[in-house]
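With TSV, N, CA and C atoms inside, this is entry36.tsv:
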chain	number	residue	atom	x	y	z
A	298	MET	N	32.06	-39.53	-36.43
A	298	MET	CA	31.44	-40.75	-35.97
A	298	MET	C	30.19	-41.01	-36.77
A	299	GLY	N	30.01	-42.23	-37.22
A	299	GLY	CA	28.83	-42.61	-37.98
A	299	GLY	C	27.70	-43.05	-37.09
A	300	PHE	N	26.67	-43.51	-37.72
A	300	PHE	CA	25.50	-43.97	-37.00
A	300	PHE	C	25.42	-45.49	-36.99
A	301	ASP	N	26.56	-46.17	-36.94
A	301	ASP	CA	26.64	-47.62	-36.79
A	301	ASP	C	25.85	-48.38	-37.84
A	302	GLY	N	26.00	-47.99	-39.09
A	302	GLY	CA	25.39	-48.74	-40.18
A	302	GLY	C	23.99	-48.29	-40.56
A	303	VAL	N	23.47	-47.23	-39.97
A	303	VAL	CA	22.17	-46.71	-40.36
A	303	VAL	C	22.36	-45.30	-40.90
A	304	GLY	N	21.48	-44.88	-41.81
A	304	GLY	CA	21.58	-43.55	-42.39
A	304	GLY	C	20.98	-42.49	-41.50
A	305	TRP	N	21.05	-41.25	-41.97
A	305	TRP	CA	20.56	-40.12	-41.19
A	305	TRP	C	19.07	-40.23	-40.89
A	306	LEU	N	18.27	-40.53	-41.91
A	306	LEU	CA	16.83	-40.64	-41.72
A	306	LEU	C	16.49	-41.78	-40.78
A	307	ALA	N	17.14	-42.90	-40.95
A	307	ALA	CA	16.91	-44.04	-40.06
A	307	ALA	C	17.35	-43.71	-38.64
A	308	ALA	N	18.44	-42.97	-38.49
A	308	ALA	CA	18.90	-42.57	-37.15
A	308	ALA	C	17.88	-41.69	-36.46
A	309	ILE	N	17.22	-40.81	-37.20
A	309	ILE	CA	16.19	-39.95	-36.62
A	309	ILE	C	14.98	-40.77	-36.20
A	310	ILE	N	14.55	-41.67	-37.07
A	310	ILE	CA	13.38	-42.51	-36.76
A	310	ILE	C	13.66	-43.44	-35.59
A	311	ILE	N	14.79	-44.14	-35.64
A	311	ILE	CA	15.15	-45.06	-34.57
A	311	ILE	C	15.43	-44.30	-33.28
A	312	GLY	N	16.06	-43.14	-33.38
A	312	GLY	CA	16.31	-42.31	-32.21
A	312	GLY	C	15.02	-41.88	-31.55
A	313	GLY	N	14.03	-41.53	-32.36
A	313	GLY	CA	12.73	-41.16	-31.81
A	313	GLY	C	12.06	-42.31	-31.09
A	314	ILE	N	12.15	-43.50	-31.67
A	314	ILE	CA	11.57	-44.69	-31.03
A	314	ILE	C	12.31	-45.01	-29.73
A	315	ALA	N	13.64	-44.97	-29.79
A	315	ALA	CA	14.43	-45.25	-28.58
A	315	ALA	C	14.16	-44.23	-27.49
A	316	GLY	N	14.06	-42.96	-27.85
A	316	GLY	CA	13.75	-41.92	-26.88
A	316	GLY	C	12.36	-42.09	-26.29
A	317	TRP	N	11.39	-42.49	-27.13
A	317	TRP	CA	10.04	-42.72	-26.62
A	317	TRP	C	10.01	-43.90	-25.66
A	318	LEU	N	10.73	-44.97	-26.00
A	318	LEU	CA	10.79	-46.13	-25.11
A	318	LEU	C	11.43	-45.76	-23.77
A	319	ALA	N	12.50	-44.97	-23.84
A	319	ALA	CA	13.16	-44.52	-22.60
A	319	ALA	C	12.24	-43.62	-21.79
A	320	LYS	N	11.47	-42.79	-22.49
A	320	LYS	CA	10.51	-41.92	-21.82
A	320	LYS	C	9.47	-42.75	-21.06
A	321	GLN	N	8.98	-43.80	-21.69
A	321	GLN	CA	7.99	-44.67	-21.05
A	321	GLN	C	8.60	-45.42	-19.87
A	322	PHE	N	9.82	-45.91	-20.05
A	322	PHE	CA	10.50	-46.70	-19.03
A	322	PHE	C	10.87	-45.85	-17.82
A	323	MET	N	11.34	-44.65	-18.07
A	323	MET	CA	11.81	-43.77	-16.99
A	323	MET	C	10.70	-42.84	-16.48
A	324	ASN	N	9.51	-42.90	-17.09
A	324	ASN	CA	8.34	-42.13	-16.67
A	324	ASN	C	8.64	-40.63	-16.64
A	325	THR	N	8.98	-40.09	-17.82
A	325	THR	CA	9.24	-38.66	-17.95
A	325	THR	C	8.19	-38.03	-18.85
A	326	ASN	N	8.18	-36.72	-18.92
A	326	ASN	CA	7.23	-36.00	-19.75
A	326	ASN	C	8.02	-35.14	-20.74
A	327	THR	N	8.47	-35.75	-21.82
A	327	THR	CA	9.23	-35.04	-22.85
A	327	THR	C	8.47	-35.07	-24.17
A	328	GLY	N	8.79	-34.15	-25.04
A	328	GLY	CA	8.13	-34.06	-26.33
A	328	GLY	C	8.83	-34.88	-27.40
A	329	LEU	N	8.30	-34.81	-28.62
A	329	LEU	CA	8.81	-35.60	-29.73
A	329	LEU	C	10.25	-35.23	-30.06
A	330	LEU	N	10.56	-33.95	-30.16
A	330	LEU	CA	11.92	-33.52	-30.49
A	330	LEU	C	12.92	-33.97	-29.42
A	331	MET	N	12.54	-33.85	-28.16
A	331	MET	CA	13.43	-34.28	-27.08
A	331	MET	C	13.62	-35.79	-27.13
A	332	ASN	N	12.58	-36.54	-27.47
A	332	ASN	CA	12.71	-37.99	-27.60
A	332	ASN	C	13.72	-38.36	-28.68
A	333	ILE	N	13.64	-37.68	-29.81
A	333	ILE	CA	14.57	-37.95	-30.92
A	333	ILE	C	16.00	-37.62	-30.49
A	334	LEU	N	16.19	-36.45	-29.86
A	334	LEU	CA	17.53	-36.06	-29.41
A	334	LEU	C	18.06	-37.03	-28.36
A	335	LEU	N	17.22	-37.42	-27.40
A	335	LEU	CA	17.66	-38.37	-26.38
A	335	LEU	C	18.07	-39.70	-27.01
A	336	GLY	N	17.30	-40.17	-27.98
A	336	GLY	CA	17.61	-41.44	-28.63
A	336	GLY	C	18.91	-41.40	-29.41
A	337	ILE	N	19.11	-40.34	-30.20
A	337	ILE	CA	20.32	-40.24	-31.02
A	337	ILE	C	21.56	-40.02	-30.15
A	338	VAL	N	21.49	-39.04	-29.24
A	338	VAL	CA	22.63	-38.78	-28.37
A	338	VAL	C	22.87	-39.98	-27.45
A	339	GLY	N	21.79	-40.60	-27.00
A	339	GLY	CA	21.91	-41.79	-26.17
A	339	GLY	C	22.59	-42.94	-26.88
A	340	ALA	N	22.27	-43.12	-28.16
A	340	ALA	CA	22.90	-44.19	-28.93
A	340	ALA	C	24.40	-43.93	-29.10
A	341	ILE	N	24.75	-42.69	-29.35
A	341	ILE	CA	26.17	-42.35	-29.48
A	341	ILE	C	26.89	-42.55	-28.15
A	342	LEU	N	26.27	-42.08	-27.07
A	342	LEU	CA	26.86	-42.23	-25.73
A	342	LEU	C	27.02	-43.71	-25.37
A	343	ALA	N	25.97	-44.48	-25.57
A	343	ALA	CA	26.02	-45.90	-25.22
A	343	ALA	C	27.04	-46.65	-26.08
A	344	SER	N	27.13	-46.30	-27.35
A	344	SER	CA	28.11	-46.94	-28.23
A	344	SER	C	29.54	-46.67	-27.74
A	345	LEU	N	29.78	-45.43	-27.30
A	345	LEU	CA	31.11	-45.10	-26.79
A	345	LEU	C	31.42	-45.82	-25.49
A	346	VAL	N	30.47	-45.79	-24.56
A	346	VAL	CA	30.69	-46.42	-23.25
A	346	VAL	C	30.82	-47.93	-23.39
A	347	LEU	N	29.91	-48.54	-24.13
A	347	LEU	CA	29.96	-50.00	-24.28
A	347	LEU	C	31.15	-50.43	-25.13
A	348	GLY	N	31.60	-49.55	-26.02
A	348	GLY	CA	32.79	-49.84	-26.82
A	348	GLY	C	34.04	-49.98	-25.96
A	349	LEU	N	34.06	-49.28	-24.84
A	349	LEU	CA	35.19	-49.41	-23.91
A	349	LEU	C	35.27	-50.81	-23.32
A	350	PHE	N	34.13	-51.48	-23.23
A	350	PHE	CA	34.08	-52.84	-22.70
A	350	PHE	C	34.12	-53.89	-23.80
A	351	GLY	N	34.29	-53.47	-25.04
A	351	GLY	CA	34.37	-54.40	-26.15
A	351	GLY	C	33.03	-54.84	-26.69
A	352	ILE	N	31.95	-54.17	-26.30
A	352	ILE	CA	30.61	-54.51	-26.78
A	352	ILE	C	30.24	-53.53	-27.88
A	353	SER	N	29.79	-54.04	-29.02
A	353	SER	CA	29.39	-53.16	-30.10
A	353	SER	C	28.05	-53.61	-30.67
A	354	PHE	N	27.24	-52.64	-31.02
A	354	PHE	CA	25.95	-52.89	-31.63
A	354	PHE	C	26.02	-52.45	-33.07
A	355	GLY	N	25.31	-53.14	-33.95
A	355	GLY	CA	25.29	-52.76	-35.36
A	355	GLY	C	23.89	-52.90	-35.91
A	356	GLY	N	23.59	-52.13	-36.92
A	356	GLY	CA	22.29	-52.21	-37.57
A	356	GLY	C	21.19	-51.51	-36.80
A	357	TRP	N	19.99	-51.69	-37.28
A	357	TRP	CA	18.83	-50.99	-36.74
A	357	TRP	C	18.52	-51.42	-35.31
A	358	ILE	N	18.49	-52.71	-35.06
A	358	ILE	CA	18.15	-53.21	-33.73
A	358	ILE	C	19.23	-52.81	-32.73
A	359	GLY	N	20.47	-52.92	-33.11
A	359	GLY	CA	21.57	-52.52	-32.23
A	359	GLY	C	21.52	-51.04	-31.91
A	360	TYR	N	21.20	-50.22	-32.92
A	360	TYR	CA	21.10	-48.77	-32.70
A	360	TYR	C	19.93	-48.46	-31.78
A	361	LEU	N	18.84	-49.20	-31.91
A	361	LEU	CA	17.68	-49.01	-31.03
A	361	LEU	C	18.03	-49.37	-29.59
A	362	ILE	N	18.71	-50.49	-29.40
A	362	ILE	CA	19.11	-50.91	-28.05
A	362	ILE	C	20.08	-49.90	-27.44
A	363	ALA	N	21.07	-49.50	-28.21
A	363	ALA	CA	22.05	-48.52	-27.72
A	363	ALA	C	21.36	-47.19	-27.41
A	364	GLY	N	20.44	-46.77	-28.26
A	364	GLY	CA	19.72	-45.52	-28.03
A	364	GLY	C	18.88	-45.57	-26.77
A	365	PHE	N	18.22	-46.69	-26.54
A	365	PHE	CA	17.41	-46.85	-25.34
A	365	PHE	C	18.27	-46.80	-24.08
A	366	ILE	N	19.36	-47.56	-24.09
A	366	ILE	CA	20.27	-47.58	-22.93
A	366	ILE	C	20.84	-46.19	-22.68
A	367	GLY	N	21.34	-45.56	-23.73
A	367	GLY	CA	21.93	-44.23	-23.58
A	367	GLY	C	20.93	-43.18	-23.15
A	368	ALA	N	19.71	-43.22	-23.70
A	368	ALA	CA	18.69	-42.24	-23.32
A	368	ALA	C	18.30	-42.41	-21.85
A	369	CYS	N	18.22	-43.65	-21.38
A	369	CYS	CA	17.92	-43.89	-19.97
A	369	CYS	C	19.04	-43.33	-19.08
A	370	ILE	N	20.28	-43.49	-19.52
A	370	ILE	CA	21.41	-42.95	-18.77
A	370	ILE	C	21.34	-41.43	-18.72
A	371	ILE	N	21.04	-40.81	-19.86
A	371	ILE	CA	20.95	-39.35	-19.91
A	371	ILE	C	19.82	-38.84	-19.03
A	372	ILE	N	18.67	-39.51	-19.06
A	372	ILE	CA	17.54	-39.10	-18.21
A	372	ILE	C	17.92	-39.22	-16.74
A	373	ALA	N	18.58	-40.31	-16.37
A	373	ALA	CA	18.99	-40.51	-14.97
A	373	ALA	C	19.98	-39.44	-14.54
A	374	ILE	N	20.93	-39.09	-15.39
A	374	ILE	CA	21.89	-38.03	-15.07
A	374	ILE	C	21.16	-36.69	-14.94
A	375	GLY	N	20.24	-36.42	-15.85
A	375	GLY	CA	19.47	-35.19	-15.77
A	375	GLY	C	18.67	-35.07	-14.49
A	376	ARG	N	18.08	-36.17	-14.07
A	376	ARG	CA	17.33	-36.16	-12.81
A	376	ARG	C	18.25	-35.92	-11.62
A	377	ALA	N	19.43	-36.54	-11.64
A	377	ALA	CA	20.38	-36.37	-10.54
A	377	ALA	C	20.86	-34.93	-10.44
A	378	VAL	N	21.08	-34.29	-11.58
A	378	VAL	CA	21.57	-32.91	-11.58
A	378	VAL	C	20.48	-31.93	-11.17
A	379	THR	N	19.27	-32.12	-11.65
A	379	THR	CA	18.21	-31.15	-11.37
A	379	THR	C	17.52	-31.35	-10.03
A	380	SER	N	17.74	-32.47	-9.39
A	380	SER	CA	17.06	-32.73	-8.13
A	380	SER	C	17.73	-32.01	-6.95
A	381	ARG	N	18.88	-31.45	-7.16
A	381	ARG	CA	19.61	-30.77	-6.08
A	381	ARG	C	19.10	-29.39	-5.86

Give the structure from this file in structure tokens form.
Amino acid sequence: MGFDGVGWLAAIIIGGIAGWLAKQFMNTNTGLLMNILLGIVGAILASLVLGLFGISFGGWIGYLIAGFIGACIIIAIGRAVTSR
């Protein structure tokens, strides 16, 4: 699976921004590396889930939106699992 039209370095930078935005939105306390991982994994997750509905994002802005949505989903799932 590719990074939807962005390279590796751009995926890391955009993933970090998306993870940071999700961190601010969801009010969590994560570090820089976790923000990057949340953004990248979140973008892949959101691309897969939204692809099932026929929605696709492309380019830098699309990757940022997908990363933000996916990172928020991952944070919410993490909270649900650890709160028990």

Distance of atom N of Val338 in chain A from atom N of Ile371 in chain A, expressed in Å to one decimal place: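 Rounded to one decimal, the two atoms are 9.6 Å apart.
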
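The space separating atom N of Leu329 in chain A from atom N of Ile311 in chain A comes to 13.4 Å.
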
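If you look at CA of Thr327 in chain A and CA of Gly313 in chain A, they are 11.4 Å away from each other.
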
Range 339-350 of chain A environment, 6.5 Å, all atoms listed in the file, sequence neighbours closer than 5 positions dropped, as a PyMOL selection string: chain A and resi 334+360+363-369+371

How about saving the chosen residues, N, CA and C atoms kept, as a short mmCIF file (atom, residue, chain, number, x, y, z; two decimals), keeping the file's coordinate frame?
data_model
loop_
_atom_site.label_atom_id
_atom_site.label_comp_id
_atom_site.auth_asym_id
_atom_site.auth_seq_id
_atom_site.Cartn_x
_atom_site.Cartn_y
_atom_site.Cartn_z
N LEU A 334 16.19 -36.45 -29.86
CA LEU A 334 17.53 -36.06 -29.41
C LEU A 334 18.06 -37.03 -28.36
N TYR A 360 21.20 -50.22 -32.92
CA TYR A 360 21.10 -48.77 -32.70
C TYR A 360 19.93 -48.46 -31.78
N ALA A 363 21.07 -49.50 -28.21
CA ALA A 363 22.05 -48.52 -27.72
C ALA A 363 21.36 -47.19 -27.41
N GLY A 364 20.44 -46.77 -28.26
CA GLY A 364 19.72 -45.52 -28.03
C GLY A 364 18.88 -45.57 -26.77
N PHE A 365 18.22 -46.69 -26.54
CA PHE A 365 17.41 -46.85 -25.34
C PHE A 365 18.27 -46.80 -24.08
N ILE A 366 19.36 -47.56 -24.09
CA ILE A 366 20.27 -47.58 -22.93
C ILE A 366 20.84 -46.19 -22.68
N GLY A 367 21.34 -45.56 -23.73
CA GLY A 367 21.93 -44.23 -23.58
C GLY A 367 20.93 -43.18 -23.15
N ALA A 368 19.71 -43.22 -23.70
CA ALA A 368 18.69 -42.24 -23.32
C ALA A 368 18.30 -42.41 -21.85
N CYS A 369 18.22 -43.65 -21.38
CA CYS A 369 17.92 -43.89 -19.97
C CYS A 369 19.04 -43.33 -19.08
N ILE A 371 21.04 -40.81 -19.86
CA ILE A 371 20.95 -39.35 -19.91
C ILE A 371 19.82 -38.84 -19.03
#

field: helix (DSSP H, G or I) call set, DSSP backbone run, chain A, as a ChimeraX atom specification
entry: /A:305-323,329-349,356-379

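Shortest atom-to-atom contact with Leu335 in chain A among A:Ser380, A:Gly351, A:Ile372, A:Gly359: A:Ile372, counting all atoms listed in the file.
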
- prompt: Gly304 in chain A: which residues within 12 Å, counting only C-alpha atoms, same-chain residues fewer than 5 positions away excluded, as a PyMOL selection string?
  reply: chain A and resi 299+309-312+337+356-357+360

Could the residues in this selection be written to a file with N, CA and C atoms, as a tab-separated table (two decimals), in the frame of the given file?
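Contents of again-v1.tsv, freshly written:
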chain	number	residue	atom	x	y	z
A	299	GLY	N	30.01	-42.23	-37.22
A	299	GLY	CA	28.83	-42.61	-37.98
A	299	GLY	C	27.70	-43.05	-37.09
A	309	ILE	N	17.22	-40.81	-37.20
A	309	ILE	CA	16.19	-39.95	-36.62
A	309	ILE	C	14.98	-40.77	-36.20
A	310	ILE	N	14.55	-41.67	-37.07
A	310	ILE	CA	13.38	-42.51	-36.76
A	310	ILE	C	13.66	-43.44	-35.59
A	311	ILE	N	14.79	-44.14	-35.64
A	311	ILE	CA	15.15	-45.06	-34.57
A	311	ILE	C	15.43	-44.30	-33.28
A	312	GLY	N	16.06	-43.14	-33.38
A	312	GLY	CA	16.31	-42.31	-32.21
A	312	GLY	C	15.02	-41.88	-31.55
A	337	ILE	N	19.11	-40.34	-30.20
A	337	ILE	CA	20.32	-40.24	-31.02
A	337	ILE	C	21.56	-40.02	-30.15
A	356	GLY	N	23.59	-52.13	-36.92
A	356	GLY	CA	22.29	-52.21	-37.57
A	356	GLY	C	21.19	-51.51	-36.80
A	357	TRP	N	19.99	-51.69	-37.28
A	357	TRP	CA	18.83	-50.99	-36.74
A	357	TRP	C	18.52	-51.42	-35.31
A	360	TYR	N	21.20	-50.22	-32.92
A	360	TYR	CA	21.10	-48.77	-32.70
A	360	TYR	C	19.93	-48.46	-31.78

field: Contact residues around Trp317 in chain A with all atoms listed in the file at 7 Å, ignoring same-chain residues under 4 positions, as a list in words
entry: Gly312, Gly313, Gln321, Phe322, Asn332, Ile333 and Gly336 of chain A

message: Using only C-alpha atoms, can you tell me which of A:Ala377, A:Ala315, A:Leu306, A:Lys320 comes closest to Leu361 in chain A?
response: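 Closest to Leu361 in chain A, using only C-alpha atoms: A:Ala315.
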